[in-house]
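> Sharing data_3.cif below, mmCIF, C-alpha atoms:
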```cif
data_final
loop_
_atom_site.label_atom_id
_atom_site.label_comp_id
_atom_site.auth_asym_id
_atom_site.auth_seq_id
_atom_site.Cartn_x
_atom_site.Cartn_y
_atom_site.Cartn_z
CA MET A 1 0.00 0.00 0.00
CA LEU A 2 2.73 2.36 1.00
CA ASN A 3 4.69 1.47 -2.13
CA THR A 4 1.77 2.12 -4.47
CA ASP A 5 1.20 5.45 -2.80
CA ARG A 6 4.85 6.39 -3.22
CA SER A 7 5.01 5.47 -6.91
CA GLN A 8 1.93 7.59 -7.67
CA LYS A 9 3.58 10.52 -5.94
CA THR A 10 6.68 10.01 -8.02
CA GLU A 11 4.72 10.00 -11.26
CA LYS A 12 2.63 13.01 -10.43
CA GLY A 13 5.65 15.02 -9.35
CA SER A 14 7.78 14.37 -12.37
CA GLU A 15 5.49 13.81 -15.37
CA TRP A 16 5.52 16.55 -17.99
CA SER A 17 2.87 19.24 -17.67
CA THR A 18 2.81 22.16 -20.09
CA ARG A 19 0.57 24.06 -17.70
CA TYR A 20 2.99 23.79 -14.78
CA PHE A 21 5.83 24.68 -17.15
CA TRP A 22 4.06 27.90 -18.17
CA GLN A 23 3.43 28.80 -14.55
CA GLY A 24 7.14 28.24 -13.95
CA LEU A 25 8.01 30.55 -16.86
CA ARG A 26 5.73 33.27 -15.43
CA THR A 27 7.09 32.83 -11.90
CA GLY A 28 10.67 33.00 -13.16
CA LEU A 29 10.14 36.05 -15.37
CA PRO A 30 11.28 38.57 -12.72
CA ILE A 31 14.53 36.61 -12.40
CA ALA A 32 15.04 36.83 -16.16
CA LEU A 33 14.36 40.58 -16.05
CA GLY A 34 16.92 40.92 -13.26
CA TYR A 35 19.45 38.73 -15.05
CA PHE A 36 19.21 40.60 -18.35
CA PRO A 37 20.95 43.83 -17.29
CA THR A 38 23.35 41.91 -15.05
CA ALA A 39 24.34 39.66 -17.95
CA MET A 40 24.68 42.72 -20.19
CA ALA A 41 27.17 44.08 -17.69
CA PHE A 42 28.97 40.72 -17.84
CA GLY A 43 29.22 40.92 -21.63
CA VAL A 44 30.68 44.44 -21.40
CA VAL A 45 33.20 43.43 -18.70
CA ALA A 46 34.22 40.25 -20.58
CA LEU A 47 35.08 42.19 -23.75
CA ALA A 48 37.04 44.68 -21.69
CA ALA A 49 39.03 41.76 -20.20
CA GLY A 50 40.06 40.65 -23.68
CA LEU A 51 37.55 37.94 -24.61
CA THR A 52 36.08 37.91 -28.11
CA GLU A 53 32.33 38.41 -28.54
CA LYS A 54 31.90 34.73 -29.28
CA GLN A 55 33.90 33.66 -26.20
CA ALA A 56 31.95 35.94 -23.85
CA PHE A 57 28.66 34.58 -25.19
CA LEU A 58 29.92 31.00 -24.93
CA VAL A 59 30.86 31.43 -21.25
CA SER A 60 27.28 32.44 -20.38
CA ILE A 61 25.79 29.60 -22.44
CA VAL A 62 28.02 26.90 -20.95
CA VAL A 63 28.56 28.08 -17.35
CA PHE A 64 25.41 30.03 -16.28
CA SER A 65 26.62 31.35 -12.94
CA GLY A 66 26.74 35.06 -12.17
CA ALA A 67 29.25 35.27 -9.32
CA GLY A 68 31.56 32.62 -10.79
CA GLN A 69 31.63 34.23 -14.22
CA PHE A 70 32.34 37.74 -12.97
CA MET A 71 35.12 36.49 -10.73
CA ALA A 72 36.67 34.39 -13.52
CA ILE A 73 36.65 37.39 -15.86
CA ASN A 74 38.45 39.48 -13.25
CA LEU A 75 41.09 36.76 -12.88
CA MET A 76 41.44 36.29 -16.66
CA GLY A 77 41.95 40.01 -17.06
CA SER A 78 44.78 39.91 -14.52
CA GLY A 79 46.43 36.98 -16.34
CA ALA A 80 45.87 34.31 -13.66
CA ALA A 81 46.71 30.68 -14.45
CA PRO A 82 43.76 28.64 -15.81
CA ILE A 83 43.96 26.18 -12.93
CA SER A 84 43.65 28.92 -10.31
CA ILE A 85 40.65 30.38 -12.16
CA ILE A 86 39.03 26.95 -12.27
CA ILE A 87 39.61 26.33 -8.55
CA ALA A 88 38.37 29.78 -7.55
CA ASN A 89 35.22 29.17 -9.60
CA LEU A 90 34.70 25.79 -7.94
CA VAL A 91 35.10 27.29 -4.48
CA ILE A 92 32.61 30.08 -5.13
CA ASN A 93 30.12 27.54 -6.53
CA LEU A 94 30.34 24.96 -3.75
CA ARG A 95 27.43 26.77 -2.13
CA TYR A 96 25.24 25.24 -4.85
CA THR A 97 25.81 21.84 -3.25
CA VAL A 98 23.99 22.96 -0.12
CA MET A 99 21.20 24.59 -2.14
CA SER A 100 20.68 21.57 -4.40
CA ALA A 101 20.60 19.26 -1.38
CA SER A 102 17.85 21.47 0.06
CA LEU A 103 15.93 21.62 -3.22
CA ALA A 104 16.26 17.86 -3.71
CA ARG A 105 13.96 17.37 -0.72
CA ARG A 106 11.16 19.07 -2.64
CA LEU A 107 11.61 17.29 -5.97
CA ARG A 108 11.08 13.79 -7.30
CA LEU A 109 13.59 13.40 -10.11
CA SER A 110 14.84 10.55 -12.25
CA TRP A 111 18.60 10.58 -12.86
CA GLY A 112 17.99 11.83 -16.39
CA GLN A 113 15.86 14.73 -15.11
CA ALA A 114 18.41 15.60 -12.43
CA LEU A 115 21.03 16.04 -15.17
CA TYR A 116 19.12 18.89 -16.83
CA VAL A 117 17.25 20.32 -13.84
CA GLY A 118 20.62 20.65 -12.07
CA PHE A 119 22.06 22.85 -14.79
CA GLY A 120 19.46 25.53 -13.99
CA VAL A 121 20.09 25.76 -10.23
CA THR A 122 21.33 29.26 -9.39
CA ASP A 123 20.97 31.35 -6.23
CA GLU A 124 17.85 32.98 -7.61
CA THR A 125 16.14 29.97 -9.22
CA PHE A 126 16.86 27.94 -6.08
CA VAL A 127 15.23 30.47 -3.77
CA MET A 128 12.31 31.11 -6.13
CA ASN A 129 11.64 27.39 -6.56
CA TYR A 130 12.18 26.56 -2.92
CA LEU A 131 9.82 29.25 -1.68
CA ALA A 132 7.15 28.58 -4.34
CA ASP A 133 3.81 27.61 -2.85
CA PRO A 134 2.69 24.32 -4.47
CA LYS A 135 -0.90 25.20 -3.57
CA ALA A 136 -0.65 28.14 -5.98
CA ILE A 137 0.48 25.88 -8.83
CA VAL A 138 -2.73 24.46 -10.27
CA ASP A 139 -3.57 21.96 -13.00
CA GLY A 140 -6.25 22.30 -15.72
CA GLN A 141 -9.09 21.60 -13.26
CA GLY A 142 -7.81 24.17 -10.82
CA ASN A 143 -6.53 21.48 -8.46
CA PRO A 144 -3.33 22.43 -6.64
CA ALA A 145 -0.20 20.46 -7.47
CA THR A 146 0.66 19.72 -3.88
CA GLN A 147 1.58 16.25 -2.75
CA GLY A 148 3.21 16.30 0.61
CA THR A 149 5.62 14.17 2.48
CA GLU A 150 5.64 14.72 6.20
CA HIS A 151 7.56 18.00 6.16
CA HIS A 152 7.70 19.01 2.54
CA GLU A 153 5.38 19.57 -0.34
CA ILE A 154 6.65 18.30 -3.65
CA LEU A 155 7.09 20.74 -6.52
CA PRO A 156 6.16 19.66 -10.06
CA THR A 157 9.34 19.17 -12.09
CA SER A 158 7.80 21.02 -15.06
CA PHE A 159 7.29 24.10 -12.90
CA VAL A 160 10.91 24.10 -11.75
CA LEU A 161 12.07 23.66 -15.35
CA GLY A 162 9.96 26.65 -16.39
CA VAL A 163 11.58 28.85 -13.73
CA ASN A 164 15.06 27.63 -14.75
CA VAL A 165 14.53 27.96 -18.51
CA VAL A 166 13.24 31.54 -18.47
CA SER A 167 16.08 32.56 -16.14
CA TYR A 168 18.65 30.93 -18.44
CA LEU A 169 17.18 32.76 -21.44
CA GLY A 170 17.42 36.08 -19.59
CA TRP A 171 21.08 35.38 -18.77
CA VAL A 172 22.09 34.24 -22.27
CA LEU A 173 20.14 36.92 -24.16
CA GLY A 174 21.41 39.60 -21.76
CA THR A 175 25.00 38.55 -22.40
CA GLY A 176 24.33 38.68 -26.14
CA ALA A 177 22.90 42.19 -25.81
CA GLY A 178 25.86 43.28 -23.68
CA VAL A 179 28.34 41.96 -26.22
CA VAL A 180 26.53 43.62 -29.12
CA PHE A 181 25.96 46.99 -27.45
CA ALA A 182 29.19 47.13 -25.40
CA GLY A 183 30.53 49.96 -27.52
CA VAL A 184 27.55 52.28 -27.16
CA LEU A 185 26.49 51.81 -23.50
CA PRO A 186 27.48 54.62 -21.15
CA SER A 187 29.11 53.26 -18.00
CA ARG A 188 26.66 55.31 -15.93
CA ILE A 189 23.94 52.91 -17.10
CA THR A 190 25.80 49.61 -16.63
CA ALA A 191 27.26 50.49 -13.21
CA GLY A 192 24.70 50.36 -10.42
CA MET A 193 22.72 47.63 -12.13
CA GLY A 194 24.12 45.18 -9.62
CA VAL A 195 21.45 46.35 -7.19
CA VAL A 196 18.87 44.39 -9.20
CA LEU A 197 20.14 41.07 -7.86
CA TYR A 198 20.12 42.26 -4.26
CA ALA A 199 16.67 43.79 -4.54
CA MET A 200 15.49 40.42 -5.78
CA PHE A 201 17.02 38.59 -2.82
CA ILE A 202 15.42 41.08 -0.45
CA ALA A 203 12.03 40.70 -2.14
CA LEU A 204 12.31 36.93 -1.70
CA LEU A 205 13.36 37.17 1.94
CA VAL A 206 11.02 39.84 3.33
CA PRO A 207 7.70 37.93 3.12
CA SER A 208 9.26 35.05 5.09
CA VAL A 209 10.55 37.45 7.72
CA ALA A 210 7.07 38.92 7.97
CA ARG A 211 5.86 35.40 8.75
CA SER A 212 8.49 34.65 11.37
CA LEU A 213 11.08 36.91 12.97
CA ARG A 214 13.27 33.87 13.54
CA ILE A 215 13.85 33.74 9.78
CA GLY A 216 14.95 37.37 9.95
CA CYS A 217 17.41 36.49 12.75
CA VAL A 218 18.87 33.67 10.66
CA ALA A 219 19.34 35.92 7.61
CA VAL A 220 20.83 38.86 9.53
CA ALA A 221 23.20 36.65 11.55
CA SER A 222 24.31 34.84 8.41
CA GLY A 223 24.96 38.13 6.59
CA ILE A 224 27.07 39.51 9.46
CA VAL A 225 29.06 36.28 9.86
CA CYS A 226 29.60 36.13 6.08
CA TRP A 227 30.92 39.68 6.12
CA LEU A 228 33.32 38.94 9.00
CA LEU A 229 34.57 35.71 7.39
CA GLY A 230 34.92 37.53 4.07
CA LEU A 231 37.59 39.73 5.66
CA VAL A 232 39.91 36.72 5.92
CA LEU A 233 38.54 34.16 3.42
CA PRO A 234 37.57 34.08 -0.29
CA VAL A 235 33.94 35.13 -0.68
CA GLY A 236 32.75 31.67 -1.77
CA TRP A 237 34.07 30.02 1.39
CA ALA A 238 32.71 32.80 3.56
CA MET A 239 29.23 32.20 2.15
CA ILE A 240 29.34 28.43 2.59
CA LEU A 241 30.66 28.63 6.16
CA ALA A 242 28.26 31.39 7.24
CA THR A 243 25.24 29.64 5.72
CA SER A 244 26.08 26.21 7.14
CA ALA A 245 27.05 27.47 10.59
CA ILE A 246 24.10 29.82 11.12
CA ALA A 247 21.57 27.24 9.88
CA GLY A 248 23.19 24.76 12.28
CA ILE A 249 23.05 27.15 15.22
CA GLY A 250 19.39 27.84 14.41
CA VAL A 251 18.65 24.12 14.64
CA LEU A 252 20.54 23.85 17.96
CA ILE A 253 18.69 26.81 19.49
CA TRP A 254 15.16 26.23 18.24
CA GLY A 255 15.04 22.46 17.71
CA GLU A 256 11.41 21.49 17.08
CA GLY A 257 10.57 25.15 16.57
CA VAL A 258 12.18 24.95 13.14
CA ASP A 259 9.53 22.50 11.90
CA SER A 260 6.80 25.14 12.05
CA LEU A 261 8.75 27.90 10.30
CA MET B 1 43.89 34.95 -25.01
CA SER B 2 44.84 31.77 -26.86
CA ALA B 3 41.98 29.50 -27.92
CA GLN B 4 43.53 26.64 -26.00
CA ARG B 5 43.76 28.58 -22.72
CA PHE B 6 40.19 29.78 -23.12
CA LEU B 7 38.91 26.26 -23.81
CA ALA B 8 40.68 24.86 -20.74
CA ILE B 9 39.12 27.57 -18.54
CA LEU B 10 35.69 27.10 -20.10
CA VAL B 11 35.62 23.32 -19.55
CA GLY B 12 36.96 23.68 -16.00
CA MET B 13 34.38 26.33 -15.16
CA PHE B 14 31.58 24.23 -16.60
CA LEU B 15 32.52 21.23 -14.44
CA GLY B 16 33.10 23.40 -11.35
CA THR B 17 29.62 24.89 -11.72
CA TYR B 18 27.61 21.96 -13.05
CA LEU B 19 28.78 19.24 -10.67
CA PRO B 20 28.13 21.05 -7.35
CA ARG B 21 24.56 21.83 -8.32
CA THR B 22 23.67 18.53 -10.01
CA VAL B 23 25.25 15.80 -7.88
CA PRO B 24 22.98 16.43 -4.83
CA LEU B 25 19.91 16.20 -7.11
CA LEU B 26 20.97 12.73 -8.26
CA PHE B 27 20.48 11.54 -4.70
CA SER B 28 17.12 13.13 -4.04
CA THR B 29 15.19 10.58 -2.06
CA ASP B 30 11.83 9.88 -0.52
CA ARG B 31 13.48 8.35 2.54
CA PRO B 32 13.05 10.49 5.64
CA LEU B 33 16.28 12.16 6.69
CA PRO B 34 17.31 12.57 10.33
CA ARG B 35 15.22 15.30 11.97
CA TRP B 36 18.20 17.59 12.57
CA LEU B 37 19.21 17.36 8.92
CA GLU B 38 15.67 18.15 7.73
CA ARG B 39 15.63 21.20 9.98
CA TRP B 40 19.09 22.29 8.87
CA LEU B 41 18.15 22.02 5.20
CA LYS B 42 15.04 24.06 5.95
CA LEU B 43 17.03 26.95 7.43
CA VAL B 44 19.69 26.91 4.71
CA PRO B 45 17.77 29.00 2.13
CA TYR B 46 17.22 31.85 4.60
CA ALA B 47 20.82 31.79 5.83
CA ALA B 48 21.97 31.70 2.19
CA LEU B 49 19.83 34.74 1.36
CA GLY B 50 21.37 36.68 4.24
CA ALA B 51 24.89 35.78 3.11
CA LEU B 52 24.06 36.64 -0.51
CA ILE B 53 22.67 40.07 0.39
CA PHE B 54 25.32 41.13 2.88
CA PRO B 55 28.08 42.19 2.43
CA GLY B 56 27.67 41.91 -1.37
CA ILE B 57 25.17 44.79 -1.46
CA LEU B 58 27.94 47.16 -0.31
CA SER B 59 29.71 46.59 -3.64
CA VAL B 60 26.88 47.97 -5.83
CA ASP B 61 28.96 51.14 -5.84
CA ALA B 62 32.33 50.02 -4.49
CA GLU B 63 33.48 53.53 -3.59
CA ARG B 64 30.26 54.47 -1.82
CA PRO B 65 28.88 51.44 0.04
CA TRP B 66 25.87 53.42 1.27
CA VAL B 67 24.46 53.54 -2.29
CA GLY B 68 23.81 49.80 -2.22
CA LEU B 69 22.51 50.02 1.35
CA LEU B 70 20.02 52.74 0.38
CA GLY B 71 18.81 50.67 -2.57
CA GLY B 72 18.46 47.69 -0.23
CA PHE B 73 16.43 49.67 2.31
CA ALA B 74 14.13 50.89 -0.45
CA ALA B 75 13.71 47.30 -1.64
CA ALA B 76 12.95 46.06 1.89
CA ILE B 77 10.28 48.74 2.47
CA VAL B 78 8.58 48.11 -0.88
CA ALA B 79 8.73 44.34 -0.40
CA TRP B 80 7.25 44.69 3.10
CA LYS B 81 4.38 46.93 2.01
CA TRP B 82 3.43 45.49 -1.38
CA ASN B 83 5.13 42.08 -1.59
CA ASN B 84 5.67 42.55 -5.34
CA LEU B 85 8.96 41.38 -6.85
CA LEU B 86 9.01 43.51 -10.00
CA LEU B 87 7.98 46.67 -8.16
CA THR B 88 10.69 46.03 -5.54
CA VAL B 89 13.40 45.61 -8.16
CA ALA B 90 12.26 48.65 -10.16
CA LEU B 91 12.22 50.96 -7.14
CA ALA B 92 15.61 49.80 -5.86
CA LEU B 93 17.04 50.48 -9.32
CA LEU B 94 15.42 53.92 -9.38
CA VAL B 95 16.79 54.82 -5.94
CA VAL B 96 20.32 53.78 -6.92
CA PHE B 97 20.20 55.80 -10.14
CA LEU B 98 18.87 58.86 -8.30
CA VAL B 99 21.49 58.89 -5.54
CA ARG B 100 24.45 58.15 -7.80
#
```
Show this structure as structure tokens.

Amino acid sequence: MLNTDRSQKTEKGSEWSTRYFWQGLRTGLPIALGYFPTAMAFGVVALAAGLTEKQAFLVSIVVFSGAGQFMAINLMGSGAAPISIIIANLVINLRYTVMSASLARRLRLSWGQALYVGFGVTDETFVMNYLADPKAIVDGQGNPATQGTEHHEILPTSFVLGVNVVSYLGWVLGTGAGVVFAGVLPSRITAGMGVVLYAMFIALLVPSVARSLRIGCVAVASGIVCWLLGLVLPVGWAMILATSAIAGIGVLIWGEGVDSL
Amino acid sequence: MSAQRFLAILVGMFLGTYLPRTVPLLFSTDRPLPRWLERWLKLVPYAALGALIFPGILSVDAERPWVGLLGGFAAAIVAWKWNNLLLTVALALLVVFLVR
């Protein structure tokens, strides 16, 4: 009985649904709009660091990681050895391991699906997907897509793909636009656009803080610890350590209280 | 930059980005995890958001850290009042352009 139940869950969570995919595209659109100018800035910076138009575009298509790409371009510009660029990129991206492990709890994926869903995991798509309310994702009859395990409601894979795909398009098209218009953009426009990403993080965080001040404590503590660690460590390590440690301390302090957050 | 050097960096960056975010998904499971691990994974997104926002937001304008902070405050107020992502982003952008 339990097994039958579980296999139905698996099918419902991962079977293709155009409707869920479209809802994912719509939900992810603000990410794409935020990525576009950021990626434009990347295109401009990459050309300035000596990459060709084609190379800059290729980096965004193949890598799809904001922080990693910007950092790599900085290092390339300063003539760093390829191996040190590759290691620095790996270190800054190790945080994805923690995010994907979190997201995995809310997905039911075959290995094949994991291979392409994984490519689209970024800071923004992770948070957007993770915080999505499955009750708001509805099928053709208006029935919500929620199927819960004890602590988690399962997200439809098609929805997550929609969020990831539209975000990827925003990133790739933005890079293309940056590469094409690099010569004519005034720096006054491209500088300052970085705030888009942070505004997005804040918009994702605030509603949760409004629900529980404990979440606000976790975020603020993690930010402060990350800043302190960043004074002595590379930024990627600082983020991993701050995130892991503060989440751990939260569990130690609140215990069962975390379940109801 | 030589084509060879670029290709080496590109392949290395792809692996260093793709593997960390895909490998954990390969082991997504229906099995219940230990309670403490469930709770830890639940707090991770919020801790990650905090670490992503700060201190990074100070570097929006590297010479004047308060520009990013002002944009962030504007975003927080808009998000609190209207809970609308696009509006939040647009107003933060506007504030940063105005004060720069």
> Take the PyMOL selection byres ((chain B and resi 42-57) around 6), run it mentally on this structure, and tell me the resulting residues as a ChimeraX atom specification.
/A:198,218-220,222-223,226-227,239,243,247 /B:39-41,58-60,68
> Please work out which residues fall within 10 Å of (9.9, 33.5, 2.5), coordinates as given in the file, with only C-alpha atoms counting, and return them as a short mmCIF file (atom, residue, chain, number, x, y, z; two decimals) with C-alpha atoms, in the coordinates of the input.

```
data_model
loop_
_atom_site.label_atom_id
_atom_site.label_comp_id
_atom_site.auth_asym_id
_atom_site.auth_seq_id
_atom_site.Cartn_x
_atom_site.Cartn_y
_atom_site.Cartn_z
CA VAL A 127 15.23 30.47 -3.77
CA MET A 128 12.31 31.11 -6.13
CA TYR A 130 12.18 26.56 -2.92
CA LEU A 131 9.82 29.25 -1.68
CA ALA A 132 7.15 28.58 -4.34
CA ILE A 202 15.42 41.08 -0.45
CA ALA A 203 12.03 40.70 -2.14
CA LEU A 204 12.31 36.93 -1.70
CA LEU A 205 13.36 37.17 1.94
CA VAL A 206 11.02 39.84 3.33
CA PRO A 207 7.70 37.93 3.12
CA SER A 208 9.26 35.05 5.09
CA VAL A 209 10.55 37.45 7.72
CA ALA A 210 7.07 38.92 7.97
CA ARG A 211 5.86 35.40 8.75
CA SER A 212 8.49 34.65 11.37
CA ILE A 215 13.85 33.74 9.78
CA GLY A 216 14.95 37.37 9.95
CA LEU A 261 8.75 27.90 10.30
CA PRO B 45 17.77 29.00 2.13
CA TYR B 46 17.22 31.85 4.60
#
```
> Would you work out the distance separating CA of Leu91 in chain B from CA of Ile137 in chain A, expressed in Å to one decimal?
27.7 Å
> When you draw a straight line from CA of Val251 in chain A to CA of Trp36 in chain B, how long is it in Å?
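Atom-to-atom, CA of Val251 in chain A and CA of Trp36 in chain B are spaced 6.9 Å apart.
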> Applying 12 Å and only C-alpha atoms, which residues near Ala88 in chain A remain after dropping the ones on its own chain fewer than 6 positions away? List them as a PDB file with C-alpha atoms, in the frame of the given file.

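Saved the output as result-v4.pdb:
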```pdb
ATOM      1  CA  ALA A  67      29.250  35.270  -9.320  1.00  0.00           C
ATOM      2  CA  GLY A  68      31.560  32.620 -10.790  1.00  0.00           C
ATOM      3  CA  GLN A  69      31.630  34.230 -14.220  1.00  0.00           C
ATOM      4  CA  PHE A  70      32.340  37.740 -12.970  1.00  0.00           C
ATOM      5  CA  MET A  71      35.120  36.490 -10.730  1.00  0.00           C
ATOM      6  CA  ALA A  72      36.670  34.390 -13.520  1.00  0.00           C
ATOM      7  CA  ILE A  73      36.650  37.390 -15.860  1.00  0.00           C
ATOM      8  CA  ASN A  74      38.450  39.480 -13.250  1.00  0.00           C
ATOM      9  CA  LEU A  75      41.090  36.760 -12.880  1.00  0.00           C
ATOM     10  CA  MET A  76      41.440  36.290 -16.660  1.00  0.00           C
ATOM     11  CA  ALA A  80      45.870  34.310 -13.660  1.00  0.00           C
ATOM     12  CA  ALA A  81      46.710  30.680 -14.450  1.00  0.00           C
ATOM     13  CA  PRO A  82      43.760  28.640 -15.810  1.00  0.00           C
ATOM     14  CA  LEU A  94      30.340  24.960  -3.750  1.00  0.00           C
ATOM     15  CA  LEU A 233      38.540  34.160   3.420  1.00  0.00           C
ATOM     16  CA  PRO A 234      37.570  34.080  -0.290  1.00  0.00           C
ATOM     17  CA  VAL A 235      33.940  35.130  -0.680  1.00  0.00           C
ATOM     18  CA  GLY A 236      32.750  31.670  -1.770  1.00  0.00           C
ATOM     19  CA  TRP A 237      34.070  30.020   1.390  1.00  0.00           C
TER      20      TRP A 237
ATOM     21  CA  ILE B   9      39.120  27.570 -18.540  1.00  0.00           C
ATOM     22  CA  GLY B  12      36.960  23.680 -16.000  1.00  0.00           C
ATOM     23  CA  MET B  13      34.380  26.330 -15.160  1.00  0.00           C
ATOM     24  CA  GLY B  16      33.100  23.400 -11.350  1.00  0.00           C
ATOM     25  CA  THR B  17      29.620  24.890 -11.720  1.00  0.00           C
TER      26      THR B  17
END
```
> Please, can range 61-74 of chain B be completed to N, CA and C atoms and returned as a PDB file, in the coordinates of the input?

```
ATOM      1  N   ASP B  61      28.050  50.066  -5.481  1.00  0.00           N
ATOM      2  CA  ASP B  61      28.960  51.140  -5.840  1.00  0.00           C
ATOM      3  C   ASP B  61      30.140  51.020  -4.876  1.00  0.00           C
ATOM      4  N   ALA B  62      31.243  50.428  -5.384  1.00  0.00           N
ATOM      5  CA  ALA B  62      32.330  50.020  -4.490  1.00  0.00           C
ATOM      6  C   ALA B  62      32.909  51.185  -3.704  1.00  0.00           C
ATOM      7  N   GLU B  63      32.890  52.403  -4.308  1.00  0.00           N
ATOM      8  CA  GLU B  63      33.480  53.530  -3.590  1.00  0.00           C
ATOM      9  C   GLU B  63      32.541  54.128  -2.554  1.00  0.00           C
ATOM     10  N   ARG B  64      31.238  53.932  -2.775  1.00  0.00           N
ATOM     11  CA  ARG B  64      30.260  54.470  -1.820  1.00  0.00           C
ATOM     12  C   ARG B  64      29.295  53.365  -1.393  1.00  0.00           C
ATOM     13  N   PRO B  65      29.687  52.604  -0.370  1.00  0.00           N
ATOM     14  CA  PRO B  65      28.880  51.440   0.040  1.00  0.00           C
ATOM     15  C   PRO B  65      27.442  51.804   0.410  1.00  0.00           C
ATOM     16  N   TRP B  66      27.223  53.048   0.833  1.00  0.00           N
ATOM     17  CA  TRP B  66      25.870  53.420   1.270  1.00  0.00           C
ATOM     18  C   TRP B  66      24.884  53.457   0.106  1.00  0.00           C
ATOM     19  N   VAL B  67      25.376  53.560  -1.139  1.00  0.00           N
ATOM     20  CA  VAL B  67      24.460  53.540  -2.290  1.00  0.00           C
ATOM     21  C   VAL B  67      23.705  52.218  -2.342  1.00  0.00           C
ATOM     22  N   GLY B  68      24.448  51.107  -2.231  1.00  0.00           N
ATOM     23  CA  GLY B  68      23.810  49.800  -2.220  1.00  0.00           C
ATOM     24  C   GLY B  68      22.875  49.634  -1.037  1.00  0.00           C
ATOM     25  N   LEU B  69      23.329  50.135   0.134  1.00  0.00           N
ATOM     26  CA  LEU B  69      22.510  50.020   1.350  1.00  0.00           C
ATOM     27  C   LEU B  69      21.175  50.750   1.169  1.00  0.00           C
ATOM     28  N   LEU B  70      21.249  51.974   0.608  1.00  0.00           N
ATOM     29  CA  LEU B  70      20.020  52.740   0.380  1.00  0.00           C
ATOM     30  C   LEU B  70      19.064  51.980  -0.550  1.00  0.00           C
ATOM     31  N   GLY B  71      19.616  51.462  -1.648  1.00  0.00           N
ATOM     32  CA  GLY B  71      18.810  50.670  -2.570  1.00  0.00           C
ATOM     33  C   GLY B  71      18.180  49.483  -1.863  1.00  0.00           C
ATOM     34  N   GLY B  72      18.958  48.845  -0.980  1.00  0.00           N
ATOM     35  CA  GLY B  72      18.460  47.690  -0.230  1.00  0.00           C
ATOM     36  C   GLY B  72      17.332  48.068   0.716  1.00  0.00           C
ATOM     37  N   PHE B  73      17.497  49.212   1.405  1.00  0.00           N
ATOM     38  CA  PHE B  73      16.430  49.670   2.310  1.00  0.00           C
ATOM     39  C   PHE B  73      15.142  49.949   1.537  1.00  0.00           C
ATOM     40  N   ALA B  74      15.298  50.619   0.400  1.00  0.00           N
ATOM     41  CA  ALA B  74      14.130  50.890  -0.450  1.00  0.00           C
ATOM     42  C   ALA B  74      13.445  49.584  -0.830  1.00  0.00           C
TER      43      ALA B  74
END
```
